[in-house]
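**Q** The structure that follows is given in the form of structure tokens.
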Amino acid sequence: MKTMLRKIVKRAAITGGLQAARFLHAGGIMRQARGRGAIFTLHHVRPKKARTFDPNAHLEITPEFLDIAITRLKRDGYHFIALDALPAHLASENRQPVAVFTLDDGYRNNLEHAAPVFARHEVPFTVFVAGGFIDRKDILWWETLADLLGQEKRLQFQFSGEVERLDIETLQQKQAAFDRIATFIHSIDETTAVDRLKAMAGLYDIDALKLTSRLTLDEDGLRQLIANPFASLGAHTITHRALARLTDDVARREMDRSVARVEQITGKRPTSLAYPYGDTAAVSARDHKLAQELGFTTAVTTQPGTLSGTDDVMALPRISLNGYFQKAGYVSALSSGIPFKLMGRG
């Protein structure tokens with residue numbers, strides 16, 4: 001109950017902050033917070049399907065909202081460029097704010113629902129893909145966990161010690177279990193924890209690899225995607241593990257193999273990288289250095305903020321278009337940079 005309450009309070013606080021930013025932006029206050037523009041993060045783009053338990057709702061927006069967001073950014077004077085073109089723009093004297101669109105994980109709906117919207121508006125976009133998802137060798141653990149908790153009323157899971165029984169009849173219990181298992185996955189060796197979840201899901205008749213296949217694009221699907229002249233692919237590692245918790249050699253290999261896997265599909269080396277998870281716990285200064293050494297020209301995090309023009313191109317901020325905040329006014333508020341200034345992040 002406390003977990004759910006904290007989430008509700010946090011969402012209400014964010015909504016209040018966005019509303020305040022809208023008014024400040026409309027009044028022409030704090031204009032400098034917009035900086036040189038913004039990179040936007042998306043995951044799923046698909047028609048909304050009602051789910052009783054939906055812990056990943058923040059990771060999806062509707063195609064209609066994507067259309068609204070692009071339309072609003074056009075109205076606000078943004079120029080749309082591809083991520084690969086960003087370094088040159090930031091080095092130029094052009095001060096028109098830019099909007100850059102990126103999508104993580106390579107979901108099928110990026111081809112089915114997002115690509116037509118981008119093409120209609122002639123907006124470039126980059127999809128970051130993980131080799132293990134393309135080749136159906138790794139699982140989307142957050143999707144697997146959501147499906148598992150959604151269908152069961154109780155289950156058993158081994159954390160650090162003995163196997164524990166989890167009662168998950170109520171939405172509050174389900175959310176608490178989701179948060180606890182997610183925290184556990186990020187607290188020990190990620191491969192071990194995810195393999196444990198994969199095995200447990202199988203006991204409850206959920207094939208996690210089939211879920212990966214159902215939700216993400218394979219090589220043929222990605223080739224269809226890049227036939228769209230506005231689409232490009234970027235690297236997102238192979239196994240989608242938090243790089244900061246890997247050894248130097250393993251982290252480098254994750255990035256380098258991801259480059260090679262994308263090159264097999266597109267015929268050219270990708271120059272952009274999205275760090276898995278992308279927050280400060282998942283990405284370190286060492287990873288920025290590795291990305292630079294491997295020849296990337298841009299690498300993006302999930303740290304929120306607008307582009308200042310002096311950003312480290314190996315650690316660029318992004319703004320999430322969040323499923324909980326699908327209103328045109330919120331797009332203006334976020335891209336204004338005012339919320340991040342108010343939070344001391346800009």
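Residues are named by chain letter and number: chains run A, B, ... in the order of the structure tokens, numbers start at 1 in each chain, and ligands are numbered from 1 in the order shown.
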For the interface of stretch 247-327 of chain A with stretch 131-147 of chain A (cut-off 12 Å, counting only C-alpha atoms), please tabulate each contacting residue of stretch 247-327 of chain A alongside its nearest pair of atoms and their separation in Å to one decimal, rows sorted by chain and increasing number, as CSV.
**A**
residue,atom,partner,partner_atom,distance
A:Glu254,CA,A:Gly131,CA,9.4
A:Met255,CA,A:Gly131,CA,10.2
A:Asp256,CA,A:Gly131,CA,11.1
A:Arg257,CA,A:Gly131,CA,8.1
A:Ser258,CA,A:Gly131,CA,6.1
A:Val259,CA,A:Gly131,CA,9.2
A:Ala260,CA,A:Gly131,CA,9.3
A:Arg261,CA,A:Gly131,CA,6.2
A:Val262,CA,A:Gly131,CA,7.8
A:Glu263,CA,A:Gly131,CA,11.1
A:Gln264,CA,A:Gly131,CA,10.7
A:Ile265,CA,A:Ile134,CA,10.5
A:Pro276,CA,A:Leu140,CA,11.9
A:Tyr277,CA,A:Trp142,CA,11.6
**Q** For the residues in the current selection, export C-alpha atoms as a PDB file, in the first residue's frame.
**A**
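Generated output (selection_21.pdb):
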ATOM      1  CA  GLU A 254      28.706  -5.750 -25.228  1.00  0.00           C
ATOM      2  CA  MET A 255      29.075  -2.482 -27.126  1.00  0.00           C
ATOM      3  CA  ASP A 256      31.388  -3.790 -29.836  1.00  0.00           C
ATOM      4  CA  ARG A 257      29.305  -6.881 -30.611  1.00  0.00           C
ATOM      5  CA  SER A 258      26.205  -4.714 -30.740  1.00  0.00           C
ATOM      6  CA  VAL A 259      27.865  -2.537 -33.386  1.00  0.00           C
ATOM      7  CA  ALA A 260      28.702  -5.625 -35.414  1.00  0.00           C
ATOM      8  CA  ARG A 261      25.152  -7.009 -35.130  1.00  0.00           C
ATOM      9  CA  VAL A 262      23.583  -3.780 -36.365  1.00  0.00           C
ATOM     10  CA  GLU A 263      26.130  -3.560 -39.183  1.00  0.00           C
ATOM     11  CA  GLN A 264      25.092  -7.031 -40.338  1.00  0.00           C
ATOM     12  CA  ILE A 265      21.569  -5.704 -40.831  1.00  0.00           C
ATOM     13  CA  PRO A 276      20.605   0.043 -21.296  1.00  0.00           C
ATOM     14  CA  TYR A 277      18.477   1.576 -18.513  1.00  0.00           C
TER      15      TYR A 277
END
**Q** DSSP on the backbone, helix (DSSP H, G or I) only: what residues of stretch 87-127 of chain A does that give? Format it as a list in words.
**A**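 Matching residues for helix (DSSP H, G or I) in stretch 87-127 of chain A are Pro87, Ala88, His89, Leu90, Ala91, Arg108, Asn109, Asn110, Leu111, Glu112, His113, Ala114, Ala115, Pro116, Val117, Phe118, Ala119, Arg120 and His121 of chain A.
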**Q** Using only C-alpha atoms, can you tell me which of A:Val194, A:Leu233, A:Ala82, A:Val313 comes closest to A:Ala208?
**A**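 Of the candidates, the smallest distance to A:Ala208 is held by A:Val194.
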**Q** Can you tell me which residues surround A:Asp279 at a distance of at most 9 Å, considering only C-alpha atoms, apart from same-chain residues fewer than 2 positions away, and format the answer as a ChimeraX atom specification?
**A** /A:275-277,281-283,301-303
**Q** Produce a file of the selected residues containing C-alpha atoms, as a PDB file, in the first residue's frame.
**A**
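Listing of again_37.pdb after writing:
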ATOM      1  CA  TYR A 275      23.030   2.656 -22.717  1.00  0.00           C
ATOM      2  CA  PRO A 276      20.605   0.043 -21.296  1.00  0.00           C
ATOM      3  CA  TYR A 277      18.477   1.576 -18.513  1.00  0.00           C
ATOM      4  CA  ALA A 281      23.323   3.451 -11.520  1.00  0.00           C
ATOM      5  CA  ALA A 282      23.559   1.712 -14.913  1.00  0.00           C
ATOM      6  CA  VAL A 283      26.089   3.914 -16.718  1.00  0.00           C
ATOM      7  CA  THR A 301      21.360   8.169 -21.350  1.00  0.00           C
ATOM      8  CA  THR A 302      17.943   8.412 -19.716  1.00  0.00           C
ATOM      9  CA  GLN A 303      19.030  11.292 -17.503  1.00  0.00           C
TER      10      GLN A 303
END
**Q** Report the residues of stretch 86-191 of chain A whose backbone DSSP state falls under strand (DSSP E), written as a ChimeraX atom specification.
**A** /A:98-104,125-129,154-158,163-167
**Q** Export, as a short mmCIF file (atom, residue, chain, number, x, y, z; two decimals), in the first residue's frame, the selected residues with N, CA and C atoms.
**A**
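That gives us again_21.cif:
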data_model
loop_
_atom_site.label_atom_id
_atom_site.label_comp_id
_atom_site.auth_asym_id
_atom_site.auth_seq_id
_atom_site.Cartn_x
_atom_site.Cartn_y
_atom_site.Cartn_z
N VAL A 98 16.27 22.04 -31.78
CA VAL A 98 16.03 20.80 -32.53
C VAL A 98 15.34 19.77 -31.64
N ALA A 99 14.59 18.90 -32.29
CA ALA A 99 13.97 17.75 -31.62
C ALA A 99 14.49 16.48 -32.28
N VAL A 100 14.96 15.56 -31.46
CA VAL A 100 15.50 14.29 -31.95
C VAL A 100 14.69 13.16 -31.31
N PHE A 101 14.23 12.22 -32.13
CA PHE A 101 13.42 11.12 -31.61
C PHE A 101 14.20 9.81 -31.61
N THR A 102 14.15 9.12 -30.47
CA THR A 102 14.79 7.82 -30.33
C THR A 102 13.81 6.85 -29.69
N LEU A 103 13.93 5.57 -30.04
CA LEU A 103 13.08 4.53 -29.48
C LEU A 103 13.97 3.37 -29.05
N ASP A 104 13.77 2.87 -27.84
CA ASP A 104 14.63 1.82 -27.29
C ASP A 104 13.99 0.44 -27.42
N PHE A 125 14.05 9.26 -37.12
CA PHE A 125 14.03 8.60 -35.82
C PHE A 125 15.05 7.47 -35.80
N THR A 126 15.59 7.22 -34.61
CA THR A 126 16.58 6.15 -34.42
C THR A 126 16.03 5.12 -33.46
N VAL A 127 16.10 3.85 -33.84
CA VAL A 127 15.65 2.75 -33.00
C VAL A 127 16.89 2.01 -32.50
N PHE A 128 17.02 1.91 -31.18
CA PHE A 128 18.16 1.22 -30.58
C PHE A 128 17.79 -0.23 -30.33
N VAL A 129 18.61 -1.15 -30.86
CA VAL A 129 18.27 -2.57 -30.81
C VAL A 129 19.37 -3.37 -30.10
N ARG A 154 -0.49 -15.97 -6.49
CA ARG A 154 0.63 -16.24 -5.59
C ARG A 154 1.71 -16.95 -6.39
N LEU A 155 2.92 -16.80 -5.99
CA LEU A 155 4.02 -17.49 -6.65
C LEU A 155 5.19 -17.60 -5.69
N GLN A 156 6.19 -18.36 -6.12
CA GLN A 156 7.40 -18.53 -5.31
C GLN A 156 8.59 -17.99 -6.08
N PHE A 157 9.46 -17.29 -5.36
CA PHE A 157 10.64 -16.72 -6.01
C PHE A 157 11.81 -16.77 -5.03
N GLN A 158 12.98 -17.12 -5.56
CA GLN A 158 14.17 -17.16 -4.73
C GLN A 158 14.93 -15.84 -4.85
N VAL A 163 13.71 -19.87 -0.96
CA VAL A 163 12.58 -19.55 -1.83
C VAL A 163 11.46 -18.98 -0.98
N GLU A 164 10.90 -17.87 -1.43
CA GLU A 164 9.83 -17.21 -0.68
C GLU A 164 8.51 -17.33 -1.41
N ARG A 165 7.45 -17.43 -0.65
CA ARG A 165 6.10 -17.39 -1.23
C ARG A 165 5.62 -15.95 -1.20
N LEU A 166 5.13 -15.50 -2.36
CA LEU A 166 4.62 -14.14 -2.48
C LEU A 166 3.12 -14.18 -2.76
N ASP A 167 2.36 -13.56 -1.88
CA ASP A 167 0.92 -13.42 -2.11
C ASP A 167 0.70 -12.16 -2.93
#
**Q** What is the distance between atom CA of A:Leu307 and atom CA of A:Ala251, in Å to one decimal?
**A**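 Interatomic distance here is 26.5 Å.
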**Q** List the spatial neighbours of A:Arg253 as a list in words - criterion: any atom at most 9 Å away, only C-alpha atoms, same-chain residues fewer than 5 positions off excluded.
**A** Thr237, Ile238, Asp248 and Ser258 of chain A
**Q** For a quick check of understanding, using only C-alpha atoms, which of A:Leu148, A:Leu203, A:Leu225, A:Lys48 has the smallest distance to A:Ile181?
**A** A:Leu148
**Q** May I ask which of the residues A:Phe65, A:Phe340, A:Phe118, A:Phe159 is the closest one to A:Ala177, counting only C-alpha atoms?
**A**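 Looking only at the distances to A:Ala177, the closest residue turns out to be A:Phe159.
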**Q** Determine, counting only C-alpha atoms, which protein, DNA and RNA residues have an atom within 9 Å of an atom of A:Arg95; residues of the same chain fewer than 5 positions away are not included. Present the result as a ChimeraX atom specification.
**A** /A:35-36,89-90
**Q** Would you export the selected residues with C-alpha atoms as a PDB file, in the first residue's frame, please?
**A**
ATOM      1  CA  GLY A  35      18.734  25.266 -24.566  1.00  0.00           C
ATOM      2  CA  ARG A  36      19.522  23.907 -28.025  1.00  0.00           C
ATOM      3  CA  HIS A  89      24.234  20.905 -35.306  1.00  0.00           C
ATOM      4  CA  LEU A  90      25.535  21.560 -31.799  1.00  0.00           C
TER       5      LEU A  90
END
**Q** Measuring between only C-alpha atoms, which one of A:Ala33, A:Ala227, A:Ala193, A:Ala130 shows the shortest distance to A:Ala115?
**A**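 Closest to A:Ala115 of all the choices is A:Ala227.
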